[in-house]
Amino acid sequence: MNVSSTISTVSSPIRSLGDVSVADIAAVGGKAANLGELLHQDLHVPDGFVVTSEAYLAAVEAAGVRDELRQGTEHGPETDPDGLARFAARARELVGSVEIPPALAADITDATERLGSSRLAVRSSATAEDTAGTSFAGMHVSFTNVAPDDVVARVRDCWASLFGDRAVAYRAERRLTDEAAIAVVVQQMLASDRSGVMFTSDESGDHLVVEAAFGLGEFVVAGTVEPDSYHVDRGTGRLVEVHVGNKTTALITTPEGQAVEDISVRASDRVLSDAEIERLAAIGMTIERHYGAPQDIEWAYVGDRLSIVQARPITFTPAGDEPRVLLHGLGVGSTTAAGRVRILGSVADGDRFLPGEVLVAEMTSPDWVPILRRAAALVTDAGGSTCHAAIVSRELGIPGVVGTRSATTRLHDGDLVTVDAASGTVSAGSVAPEVVAPPTVSGPVVAAATPLATRLYVNLAVADRAEEIAARDVDGVGLLRGEFLVTTALDGTHPRQLIAEGGGDTFVDKMSADLVKIAGPFAPRPVVYRTMDFRTNEFRNLRGGERFEPHEENPMIGFRGCYRYINDPDTFALELAAVAKARATCPNLHLMLPFVRTTWELEACLAAVRSSALGTDRTLRIWVMAEVPSIVYRVADYARLGIDGISIGSNDLTQLMLGVDRDSEICAELFDASDDAVKWAIEQIVRSGHDAGLTVSLCGQAPSDDPAFAEFLVDIGIDSISVNPDVIDTTRATVAAAEQRVLLAAARGVGR
């Protein structure tokens, strides 16, 4: 049912999308005006209505806060950033406390009911948004899969986003001195099975580009998946280039209207046929001709029906382009940074790298950490969400885009680029940094402070942010990666080279100092230090590394873990000495041994621990990593040797259970921590560990990325989960929701 027949008057605080056009931008905002224009071109747009900017202004006027909010227009580009942030926070607080007038709330409820949809999209539409000069891209929030009863509350949330940190800074930078106002679009939610974006012009001006993935469009915009990319000749309308992306997952809508992740996607399948692409391109060029400028268009297919859900100009700054997208990859984090490109072929070129530059490399490894600490952002050709580049980017808090495939060839030293981790893009030029969380919210939000029965630990690799992260709501450090600490503490020198030079004491002093720097702020919460898991390929580039590191065709399953300690007892002894020295100050520091393959290896390593200064320390707890499938058989044997806990390394366990290199782009669709075989192994480890009196944890991204996986872990009774710092709050919310579902199922007599 189209609501235009029942909502029509210009003076109404509620307007039908079918009754607005670009002439109404002041009242309905750029997004809504553009949607109205699309409807006038007989394009299919999901039915909806607009809560006008006048309705917002009337509400804040009635609440008595309009004058204070209007002060934000006095800010200019010279304003102190801290002052802008304080104003933004105060403004959000004011708007968040505004009571929507009862008459307006009733109008919104009536219009929502007339849409007749069980799930809706509620989207901000600021009066200066999506125009040729100002885009405000991603600065105002939108909500998907909103229940009808929640629409009124989400409208107020959209109002508050008018004063997000980025939006306030953007207005100051652009000297937008008119009173800030915002409208809100409410539309029927499409259960799209294919969706994406279309840019009617690329950087060359010759091609129209369509990006496509399966399911809802959030995963494309957020960079969660690598979409298909199709290039169409603007002159002829013919398809000229196809790149099939690595699409291993999709966000889909269930029959009940909930958005859930579908992991059964075949990465090699094309999303669109040639005919569908050319149809899209023709529509895109029609929209461009209507507006007279290149357009950024969002589209969706439900079956064979094509809908256009948004169109906005590809915007320009006075100095040239609004940064155009140069590369797409997998975004790491949710922030944005700009800087000059520096392409490095190896860590040996690190002296060329200047602080604040954007590091571009084929791939990084632990020996790159000293360089990464100086970087504004990181871009790599290869890698996935579990690669070292992704791990360190998350921990250092710098935006990263990995797996671009061509960054080292398409970018050049000195290029000014913007790295946007939230969208997984690298763009030409510079924009203001991202300082807010990703704007699109789907499903229920659980408070970050929700208490958990499952302990939530954090993974760390460097000491830089220990105090900051220790202040977060976590139960300790479940994985402190020794190899990253070593490369940082020893300034790029191989440990055995340092020993050969008589620097054993230096090793112990520097390592113990960093361990104290991390464990101290967390006390008395436990910090579990995983000893160095050297891999030959990663440490050959350290000073002296070629002398000590053999060449291996497959280092991932080669000379590493406990077997290495047995063959290199001198380095292991120094590492244990460093832990013992740190424990004199921080008794909350404990020990974990990685990549345990056999009982005799573990027995030999434990003997080394007992003969070290740690041997008489009765409060020391010793864990082992569960990365090799043989542990499924040997949990009881390991327990009899005297270990206290097991931490499941889901990344390594997945690659060895499924026989797939976790860093392989070619086989990426095979790497799936939720595969039934992997989950079976995890469940066996948890149950056997508990039977043997051990505590069992899991470290990895899977429970953060997949609510179903978190629920699986909760259901099998895992004791703790350890995640990277950037997903502490989201994981807490996910695990809390999973615990609630498991408890509810148990109360109903359903479950294991």
# chains A, B, ... in the order shown; residues from 1 in each chain; ligands from 1
>>> select_by_dssp(residues="segment 49-134 of chain A", states="strand (DSSP E)", output="PyMOL selection string")
chain A and resi 49-51+120-126
>>> residues_around(residues="Ala106 of chain A", least_positions_apart="6", cutoff="12 Å", atoms="only C-alpha atoms", output="compact mmCIF listing (two decimals) with N, CA and C atoms, in the first residue's frame")
# COMPACT_ATOMS: atom_id res chain seq x y z
N PRO A 13 3.82 17.37 9.59
CA PRO A 13 5.15 16.93 10.02
C PRO A 13 5.54 15.59 9.40
N ILE A 14 4.58 14.93 8.76
CA ILE A 14 4.82 13.66 8.09
C ILE A 14 4.53 13.84 6.61
N VAL A 51 9.64 12.03 8.44
CA VAL A 51 9.38 12.92 9.56
C VAL A 51 10.21 14.17 9.29
N ILE A 100 9.35 13.34 22.50
CA ILE A 100 8.66 13.59 21.25
C ILE A 100 7.21 13.96 21.56
N THR A 112 3.35 4.58 10.27
CA THR A 112 4.03 3.28 10.30
C THR A 112 3.04 2.14 10.08
N GLU A 113 1.90 2.22 10.74
CA GLU A 113 0.88 1.18 10.57
C GLU A 113 0.39 1.11 9.13
N ASP A 149 6.92 -0.96 16.72
CA ASP A 149 6.81 -0.33 18.04
C ASP A 149 8.04 0.49 18.42
N VAL A 151 9.84 2.43 16.21
CA VAL A 151 10.14 3.48 15.23
C VAL A 151 10.28 4.84 15.89
N VAL A 152 9.37 5.19 16.79
CA VAL A 152 9.42 6.52 17.42
C VAL A 152 10.75 6.73 18.15
>>> select_by_dssp(residues="segment 674-715 of chain A", states="alpha helix (DSSP H)", output="ChimeraX atom specification")
/A:676-691,702-705,707-715
>>> residues_around(residues="Thr531 of chain A", least_positions_apart="6", cutoff="7 Å", atoms="only C-alpha atoms", output="list in words")
Arg481, Gly482, Met592, Leu593 and Pro594 of chain A
>>> closest_residue(among="A:Asp729, A:Asp367, A:Glu241, A:Glu575", to="Val508 of chain A", atoms="only C-alpha atoms")
A:Glu575
>>> residues_around(residues="Leu372 of chain A", least_positions_apart="5", cutoff="9 Å", atoms="only C-alpha atoms", output="PyMOL selection string")
chain A and resi 359+377-378+392-393+396+398
>>> write_last_selection(atoms="N, CA and C atoms", output="PDB file, in the first residue's frame")
ATOM      1  N   LEU A 359      51.284   2.804   5.840  1.00  0.00           N
ATOM      2  CA  LEU A 359      52.127   1.678   5.442  1.00  0.00           C
ATOM      3  C   LEU A 359      51.385   0.816   4.428  1.00  0.00           C
ATOM      4  N   ALA A 377      47.990   4.306   9.317  1.00  0.00           N
ATOM      5  CA  ALA A 377      47.076   3.274   8.841  1.00  0.00           C
ATOM      6  C   ALA A 377      47.889   2.216   8.115  1.00  0.00           C
ATOM      7  N   LEU A 378      47.244   1.100   7.790  1.00  0.00           N
ATOM      8  CA  LEU A 378      47.913  -0.025   7.145  1.00  0.00           C
ATOM      9  C   LEU A 378      47.056  -0.551   6.006  1.00  0.00           C
ATOM     10  N   VAL A 392      47.396  -6.802  14.559  1.00  0.00           N
ATOM     11  CA  VAL A 392      48.124  -5.653  15.108  1.00  0.00           C
ATOM     12  C   VAL A 392      47.368  -4.354  14.860  1.00  0.00           C
ATOM     13  N   SER A 393      46.717  -4.221  13.704  1.00  0.00           N
ATOM     14  CA  SER A 393      45.925  -3.020  13.437  1.00  0.00           C
ATOM     15  C   SER A 393      44.857  -2.835  14.505  1.00  0.00           C
ATOM     16  N   LEU A 396      46.612  -1.863  17.941  1.00  0.00           N
ATOM     17  CA  LEU A 396      47.201  -0.531  17.984  1.00  0.00           C
ATOM     18  C   LEU A 396      46.165   0.558  17.765  1.00  0.00           C
ATOM     19  N   ILE A 398      44.821   1.392  14.880  1.00  0.00           N
ATOM     20  CA  ILE A 398      44.966   2.094  13.612  1.00  0.00           C
ATOM     21  C   ILE A 398      44.088   1.418  12.566  1.00  0.00           C
TER      22      ILE A 398
END
>>> atom_distance(atom1="atom CA of Arg540 of chain A", atom2="atom CA of Cys667 of chain A")
25.9 Å
>>> closest_residue(among="A:Val426, A:Val528, A:Ala191, A:Met285", to="Arg305 of chain A", atoms="only C-alpha atoms")
A:Ala191
>>> closest_residue(among="A:Gly36, A:Pro102, A:Gly215, A:Gly504", to="Ala311 of chain A", atoms="only C-alpha atoms")
A:Gly36
>>> residues_around(residues="segment 154-168 of chain A", least_positions_apart="6", cutoff="6 Å", atoms="only C-alpha atoms", output="ChimeraX atom specification")
/A:85,88,92,95,124,139-141
